[in-house]
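A.B. asks: Structure provided below as structure tokens; questions to follow.
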Amino acid sequence: MRTVLVTGPGGAGRTTAAAATALAAAREGRRVLLLTADRGPAPEAVLGTALPAPEAGGGALWGPPAEAAPGLHAARIATGEHFQDRARDLQDRGASLFDLLGASPLDPEELTELPGAEPLALLTALRSAHAEGGYDLLVADMPPLHATVRLLALPEQLRRYLRRLLPAERQAARALRPVLAQLAGVPMPTQRLYETAGRWEAELAAVQDVLEAEGTTVRLVAEPGPLAAGELRLARAALSLQGCRVDALVANRLLPGVTGDGPTGDGVTADPWLAGLVAEQLASHKALHEEFLVDGVTVCELPHLGRGPRGPRDLAELAGRARSTTIGVAAAGRTGGNGSAGGFGVIPGGGLTDELDGWNGTGGAGDPAVEDRLAADGVLLWRLPLPGADRGDLDLLRRGDELIVGVGPFRRVLTLPSALRRCTVSGAGLRDGALCVRFTPDPDLWPRPS
């Protein structure tokens with residue numbers, strides 16, 4: 001199943017872009033499931049249909065998917081029900097520990113959803129949708145941009161915490177538990193708690209497999225402007241740090257003078273007030289256009305309809321007027337009246353679905369790679385693509401066999417390849433959108449020729 005995770009700065013129209021992407025794919029004959037965790041009115045207003053809630057106590061992550069259009073089904077993730085189900089399960093499995101501590105379990109009526117429940121429910125829903133299958137495309141309406149970056153990093157981080165808190169040596173503790181219980185005179189935590197931790201590890205691994213699958217990509221949505229540009233660059237570098245692939249940038253709510261389909265057809269407006277907005281949006285759009293195209297990321301344009309999109313008719317109009325630009329068709333200049341935007345060649349129609357078929361894994365993300373420069377420079381070069389990163393946002397720390405890399409407020413712990421573990425860090429720099437760390441072999445640890 002192809003999976004597209006749609007996110008962007010708050011208020012950028014990511015719900016609309018996700019729904020338009022899903023509708024465009026359904027109109028091409030795909031079976032599409034659109035998932036959203038947004039509990040506000042926006043998803044139903046944009047789709048023009050109600051999203052049923054799951055049956056109480058049924059344990060379902062979402063209600064029966066509503067058919068928003070032929071081939072397109074949509075559902076809202078039940079985050080509250082998911083939290084209550086997990087809380088009840090934890091209480092049942094930890095009953096003996098609660099007895100040991102003298103704690104009373106909470107009644108079902110007391111299980112009020114806590115902050116942080118939505119990300120876990122959303123990740124579980126992505127895994128469940130893949131496990132159930134039945135669709136060609138899964139489109140997820142994700143939280144705002146920075147929250148999504150943290151969410152996508154969560155499975156790997158939680159698995160790391162579990163491994164640190166419950167290492168392999170716990171197997172010995174299991175065998176000694178009956179003896180320790182007799183010596184202490186109190187019951188020890190039951191096997192069920194350890195089984196719960198193992199089940200969490202398996203579930204997190206399954207979620208991570210979905211996020212790291214070749215067919216899973218992130219689609220960024222933004223309304224071009226001075227503030228959006230900086231946020232997109234930082235988040236894009238952070239997504240690349242997490243190994244997430246960006247398949248497209250959706251430039252949303254483009255004014256007629258930016259898209260080139262204004263009243264005169266030449267992208268020019270006579271209204272001075274509107275002309276100022278057009279000029280600001282055009283400058284930002286052109287800069288983002290060039291920046292993303294260089295890294296092979298498709299740029300898709302969605303026009304401003306002059307109103308908030310409501311219902312399948314507006315979504316169909318957006319999908320029909322969407323246009324995309326790729327590096328292979330970039331034009332040399334603007335001639336006016338040719339339907340191009342800001343000096344770039346465009347592909348009319350189908351812009352929202354250009355990257356759904358034949359995904360080639362580009363988009364600026366990639367795993368760290370080691371270059372052997374021992375013969376020429378006496379170092380091994382470790383390269384991590386971080387498109388959009390700024391030198392001032394980077395942080396680097398060596399910790400044993402791991403390298404902790406920070407991009408702004410986001411961090412990731414990377415395990416070094418065996419060759420680099422026998423080296424010392426001799427320098428680092430940001431070159432051509434990649435973090436390059438130089439490793440010099442440690443004479444005491446590096447193999448010596450016989």
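Labels used: A, B, ... for chains in the order of the structure tokens, numbers from 1 for residues in each chain, and numbers from 1 for ligands as shown.
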Determine, counting only C-alpha atoms, which protein, DNA and RNA residues have an atom within 9 Å of an atom of region 400-413 of chain A; residues of the same chain fewer than 2 positions away are not included. Present the result as an NGL selection string.

C.D. replies: :A and (149-150 or 153 or 157 or 234-235 or 237-238 or 241-242 or 386 or 389-390 or 392-398 or 415-418 or 420-422)

A.B. asks: So which residues touch region 303-308 of chain A within 7 Å, counting only C-alpha atoms, skipping near sequence neighbours fewer than 4 positions away, as a list in words?

C.D. replies: Asn252, Arg253, Leu254, Leu255 and Thr259 of chain A

A.B. asks: Could you state the separation of CA of Leu33 (chain A) and CA of Gly243 (chain A) in Å, given to one decimal place?

C.D. replies: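 Separation between CA of Leu33 (chain A) and CA of Gly243 (chain A): 24.3 Å.
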
A.B. asks: What gap, in Å, lies between CA of Cys244 (chain A) and CA of Leu126 (chain A)?

C.D. replies: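 That distance, rounded to one decimal, is 15.2 Å.
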
A.B. asks: For region 130-137 of chain A, find every residue with an atom within 10 Å (counting only C-alpha atoms), except residues of its own chain fewer than 5 positions away, and show them as a compact mmCIF listing (two decimals) with all heavy atoms, in the first residue's frame.

C.D. replies:
```txt
# COMPACT_ATOMS: atom_id res chain seq x y z
N MET A 1 0.84 -1.19 0.00
CA MET A 1 0.00 0.00 0.00
C MET A 1 0.88 1.24 0.00
O MET A 1 1.78 1.37 0.81
CB MET A 1 -0.90 0.01 1.24
CG MET A 1 -1.91 1.15 1.24
SD MET A 1 -2.75 1.33 2.85
CE MET A 1 -3.49 -0.28 3.04
N ARG A 2 0.62 2.13 -0.92
CA ARG A 2 1.32 3.42 -0.96
C ARG A 2 0.75 4.29 0.14
O ARG A 2 -0.46 4.34 0.36
CB ARG A 2 1.09 4.06 -2.34
CG ARG A 2 1.74 5.41 -2.54
CD ARG A 2 3.23 5.27 -2.81
NE ARG A 2 3.75 6.51 -3.36
CZ ARG A 2 4.12 7.57 -2.63
NH1 ARG A 2 4.03 7.53 -1.33
NH2 ARG A 2 4.58 8.65 -3.22
N THR A 3 1.61 4.98 0.88
CA THR A 3 1.19 5.80 2.00
C THR A 3 1.75 7.20 1.85
O THR A 3 2.95 7.38 1.63
CB THR A 3 1.67 5.20 3.34
OG1 THR A 3 1.17 3.88 3.47
CG2 THR A 3 1.17 6.03 4.51
N VAL A 4 0.87 8.20 1.97
CA VAL A 4 1.28 9.60 1.89
C VAL A 4 0.86 10.29 3.18
O VAL A 4 -0.33 10.31 3.52
CB VAL A 4 0.64 10.31 0.67
CG1 VAL A 4 1.01 11.79 0.66
CG2 VAL A 4 1.08 9.64 -0.62
N ALA A 22 -6.40 12.62 -2.00
CA ALA A 22 -7.16 11.37 -1.96
C ALA A 22 -8.21 11.33 -3.08
O ALA A 22 -8.39 10.30 -3.74
CB ALA A 22 -7.82 11.23 -0.59
N ALA A 25 -6.61 10.80 -6.55
CA ALA A 25 -6.20 9.41 -6.74
C ALA A 25 -7.40 8.51 -6.98
O ALA A 25 -7.37 7.59 -7.82
CB ALA A 25 -5.41 8.92 -5.53
N ALA A 26 -8.50 8.76 -6.25
CA ALA A 26 -9.71 7.95 -6.45
C ALA A 26 -10.29 8.14 -7.84
O ALA A 26 -10.79 7.18 -8.45
CB ALA A 26 -10.74 8.32 -5.39
N GLY A 29 -8.96 5.85 -10.40
CA GLY A 29 -9.27 4.42 -10.30
C GLY A 29 -8.66 3.71 -9.11
O GLY A 29 -8.77 2.49 -9.00
N ARG A 30 -8.01 4.46 -8.21
CA ARG A 30 -7.41 3.82 -7.03
C ARG A 30 -8.45 3.70 -5.92
O ARG A 30 -9.38 4.50 -5.81
CB ARG A 30 -6.22 4.63 -6.52
CG ARG A 30 -5.04 4.70 -7.47
CD ARG A 30 -3.94 5.56 -6.84
NE ARG A 30 -2.73 5.58 -7.64
CZ ARG A 30 -2.48 6.43 -8.61
NH1 ARG A 30 -3.39 7.32 -8.94
NH2 ARG A 30 -1.36 6.39 -9.28
N ARG A 31 -8.24 2.69 -5.09
CA ARG A 31 -9.03 2.55 -3.86
C ARG A 31 -8.27 3.28 -2.75
O ARG A 31 -7.15 2.90 -2.41
CB ARG A 31 -9.21 1.07 -3.50
CG ARG A 31 -10.01 0.28 -4.55
CD ARG A 31 -9.88 -1.20 -4.31
NE ARG A 31 -8.48 -1.62 -4.44
CZ ARG A 31 -8.02 -2.82 -4.11
NH1 ARG A 31 -8.84 -3.73 -3.61
NH2 ARG A 31 -6.74 -3.12 -4.26
N VAL A 32 -8.88 4.31 -2.19
CA VAL A 32 -8.17 5.23 -1.31
C VAL A 32 -8.85 5.28 0.06
O VAL A 32 -10.09 5.34 0.15
CB VAL A 32 -8.12 6.65 -1.91
CG1 VAL A 32 -7.28 7.58 -1.04
CG2 VAL A 32 -7.56 6.61 -3.33
N LEU A 33 -8.03 5.26 1.11
CA LEU A 33 -8.51 5.49 2.47
C LEU A 33 -7.85 6.75 3.00
O LEU A 33 -6.62 6.87 3.01
CB LEU A 33 -8.16 4.30 3.37
CG LEU A 33 -8.49 4.48 4.86
CD1 LEU A 33 -10.00 4.64 5.06
CD2 LEU A 33 -7.96 3.32 5.69
N LEU A 34 -8.67 7.70 3.45
CA LEU A 34 -8.19 8.94 4.05
C LEU A 34 -8.43 8.87 5.55
O LEU A 34 -9.57 8.70 6.00
CB LEU A 34 -8.92 10.14 3.45
CG LEU A 34 -8.66 11.50 4.11
CD1 LEU A 34 -7.21 11.91 3.95
CD2 LEU A 34 -9.60 12.57 3.53
N GLY A 71 -14.71 5.38 -4.80
CA GLY A 71 -13.33 4.94 -4.60
C GLY A 71 -12.63 5.58 -3.43
O GLY A 71 -11.52 5.17 -3.07
N LEU A 72 -13.25 6.60 -2.80
CA LEU A 72 -12.62 7.31 -1.69
C LEU A 72 -13.43 7.10 -0.42
O LEU A 72 -14.61 7.46 -0.35
CB LEU A 72 -12.52 8.81 -2.00
CG LEU A 72 -12.13 9.72 -0.83
CD1 LEU A 72 -10.77 9.32 -0.25
CD2 LEU A 72 -12.11 11.19 -1.26
N HIS A 73 -12.77 6.51 0.58
CA HIS A 73 -13.38 6.33 1.89
C HIS A 73 -12.57 7.11 2.92
O HIS A 73 -11.34 7.19 2.82
CB HIS A 73 -13.44 4.85 2.27
CG HIS A 73 -14.39 4.05 1.44
ND1 HIS A 73 -14.07 3.59 0.17
CD2 HIS A 73 -15.66 3.65 1.68
CE1 HIS A 73 -15.09 2.93 -0.34
NE2 HIS A 73 -16.08 2.94 0.56
N ALA A 125 -3.03 3.54 14.16
CA ALA A 125 -3.96 3.50 13.03
C ALA A 125 -3.24 3.25 11.72
O ALA A 125 -3.72 2.51 10.86
CB ALA A 125 -4.75 4.80 12.97
N ALA A 206 6.55 -2.75 14.23
CA ALA A 206 5.64 -2.81 13.09
C ALA A 206 5.31 -1.42 12.57
O ALA A 206 5.25 -1.19 11.35
CB ALA A 206 4.35 -3.55 13.48
N VAL A 207 5.12 -0.46 13.49
CA VAL A 207 4.86 0.92 13.06
C VAL A 207 6.08 1.49 12.35
O VAL A 207 5.96 2.15 11.31
CB VAL A 207 4.50 1.79 14.29
CG1 VAL A 207 4.43 3.26 13.89
CG2 VAL A 207 3.18 1.35 14.87
N VAL A 210 6.30 0.44 8.81
CA VAL A 210 5.40 1.19 7.92
C VAL A 210 6.01 2.54 7.55
O VAL A 210 6.01 2.94 6.39
CB VAL A 210 4.03 1.38 8.60
CG1 VAL A 210 3.15 2.33 7.77
CG2 VAL A 210 3.32 0.05 8.77
N GLY A 215 7.36 2.75 0.07
CA GLY A 215 6.20 3.45 -0.46
C GLY A 215 5.61 4.48 0.47
O GLY A 215 4.53 5.02 0.18
N LEU A 356 2.59 9.46 -7.05
CA LEU A 356 2.01 8.27 -6.44
C LEU A 356 2.47 6.99 -7.12
O LEU A 356 2.49 5.92 -6.51
CB LEU A 356 0.48 8.35 -6.48
CG LEU A 356 -0.14 9.48 -5.65
CD1 LEU A 356 -1.65 9.42 -5.73
CD2 LEU A 356 0.31 9.41 -4.20
```

A.B. asks: Any idea what's packed within 8 Å of Val6 (chain A), counting only C-alpha atoms, ignoring anything in its chain fewer than 3 positions away? Could you give it as an MDAnalysis selection string?

C.D. replies: chainID A and resid 14:15 17:18 139:142 218:221

A.B. asks: So what do you get for CA of Leu227 (chain A) versus CA of Gly13 (chain A), distance-wise?

C.D. replies: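 Between these atoms lies a distance of 15.3 Å.
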
A.B. asks: Run DSSP on the backbone of this structure and report the residues of region 206-260 of chain A it assigns to strand (DSSP E), as a count of residues only.

C.D. replies: 16

A.B. asks: Considering only C-alpha atoms, can you say which of A:Pro155, A:Gly388, A:Gly48, A:Gly378 comes closest to Arg313 (chain A)?

C.D. replies: A:Gly48

A.B. asks: Name all residues at most 8 Å from region 276-288 of chain A (count only C-alpha atoms; drop same-chain ones fewer than 4 positions away) and give them as a tab-separated table (two decimals) with all heavy atoms, in the first residue's frame.

C.D. replies:
```tsv
chain	number	residue	atom	x	y	z
A	224	PRO	N	2.90	29.82	0.53
A	224	PRO	CA	4.18	30.52	0.42
A	224	PRO	C	4.16	31.88	1.09
A	224	PRO	O	3.24	32.67	0.90
A	224	PRO	CB	4.39	30.64	-1.09
A	224	PRO	CG	3.62	29.50	-1.66
A	224	PRO	CD	2.41	29.36	-0.78
A	225	GLY	N	5.19	32.13	1.87
A	225	GLY	CA	5.34	33.40	2.57
A	225	GLY	C	6.64	33.41	3.33
A	225	GLY	O	7.29	32.37	3.49
A	226	PRO	N	7.06	34.54	3.85
A	226	PRO	CA	8.36	34.65	4.53
A	226	PRO	C	8.46	33.72	5.74
A	226	PRO	O	9.51	33.13	5.99
A	226	PRO	CB	8.42	36.12	4.95
A	226	PRO	CG	7.47	36.82	4.04
A	226	PRO	CD	6.38	35.84	3.75
A	229	ALA	N	8.68	29.76	4.81
A	229	ALA	CA	9.93	29.29	4.22
A	229	ALA	C	10.90	28.77	5.27
A	229	ALA	O	11.46	27.68	5.15
A	229	ALA	CB	10.58	30.42	3.40
A	251	ALA	N	2.22	23.86	-2.78
A	251	ALA	CA	2.07	25.30	-2.54
A	251	ALA	C	0.59	25.62	-2.62
A	251	ALA	O	-0.01	25.59	-3.70
A	251	ALA	CB	2.86	26.09	-3.57
A	254	LEU	N	-2.49	29.66	-3.75
A	254	LEU	CA	-1.75	30.60	-4.59
A	254	LEU	C	-2.72	31.59	-5.24
A	254	LEU	O	-3.74	31.21	-5.80
A	254	LEU	CB	-0.97	29.85	-5.67
A	254	LEU	CG	0.16	28.94	-5.17
A	254	LEU	CD1	0.90	28.35	-6.35
A	254	LEU	CD2	1.12	29.69	-4.26
A	255	LEU	N	-2.37	32.87	-5.16
A	255	LEU	CA	-3.20	33.92	-5.73
A	255	LEU	C	-3.12	33.91	-7.25
A	255	LEU	O	-2.14	33.41	-7.83
A	255	LEU	CB	-2.76	35.27	-5.17
A	255	LEU	CG	-2.88	35.41	-3.64
A	255	LEU	CD1	-2.24	36.71	-3.18
A	255	LEU	CD2	-4.34	35.34	-3.21
A	256	PRO	N	-4.12	34.46	-7.93
A	256	PRO	CA	-4.12	34.42	-9.39
A	256	PRO	C	-2.86	34.97	-10.03
A	256	PRO	O	-2.40	34.45	-11.04
A	256	PRO	CB	-5.36	35.26	-9.76
A	256	PRO	CG	-6.26	35.12	-8.58
A	256	PRO	CD	-5.36	35.02	-7.39
A	257	GLY	N	-2.28	36.01	-9.46
A	257	GLY	CA	-1.07	36.56	-10.05
A	257	GLY	C	0.15	35.68	-9.88
A	257	GLY	O	1.17	35.88	-10.55
A	258	VAL	N	0.07	34.66	-8.99
A	258	VAL	CA	1.19	33.75	-8.78
A	258	VAL	C	1.08	32.54	-9.67
A	258	VAL	O	2.07	32.05	-10.23
A	258	VAL	CB	1.26	33.33	-7.29
A	258	VAL	CG1	2.42	32.36	-7.05
A	258	VAL	CG2	1.41	34.55	-6.40
A	272	PRO	N	-3.65	47.54	-6.63
A	272	PRO	CA	-2.35	47.72	-5.95
A	272	PRO	C	-2.28	46.95	-4.63
A	272	PRO	O	-1.21	46.47	-4.25
A	272	PRO	CB	-2.26	49.24	-5.74
A	272	PRO	CG	-3.68	49.73	-5.83
A	272	PRO	CD	-4.38	48.82	-6.78
A	292	PHE	N	13.43	23.29	-3.71
A	292	PHE	CA	12.94	21.91	-3.68
A	292	PHE	C	13.22	21.20	-4.99
A	292	PHE	O	13.52	20.00	-5.01
A	292	PHE	CB	11.45	21.89	-3.38
A	292	PHE	CG	11.13	22.00	-1.91
A	292	PHE	CD1	11.21	23.21	-1.25
A	292	PHE	CD2	10.76	20.87	-1.18
A	292	PHE	CE1	10.93	23.31	0.10
A	292	PHE	CE2	10.49	20.95	0.17
A	292	PHE	CZ	10.57	22.18	0.82
A	342	GLY	N	5.95	31.68	-12.22
A	342	GLY	CA	7.22	32.17	-11.71
A	342	GLY	C	8.41	31.74	-12.51
A	342	GLY	O	9.51	31.63	-12.01
```

A.B. asks: Looking at only C-alpha atoms, which of A:Gly427, A:Pro143, A:Pro52, A:Pro441 is the one that sits closest to Gly11 (chain A)?

C.D. replies: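 Counting only C-alpha atoms, the residue closest to Gly11 (chain A) is A:Pro143.
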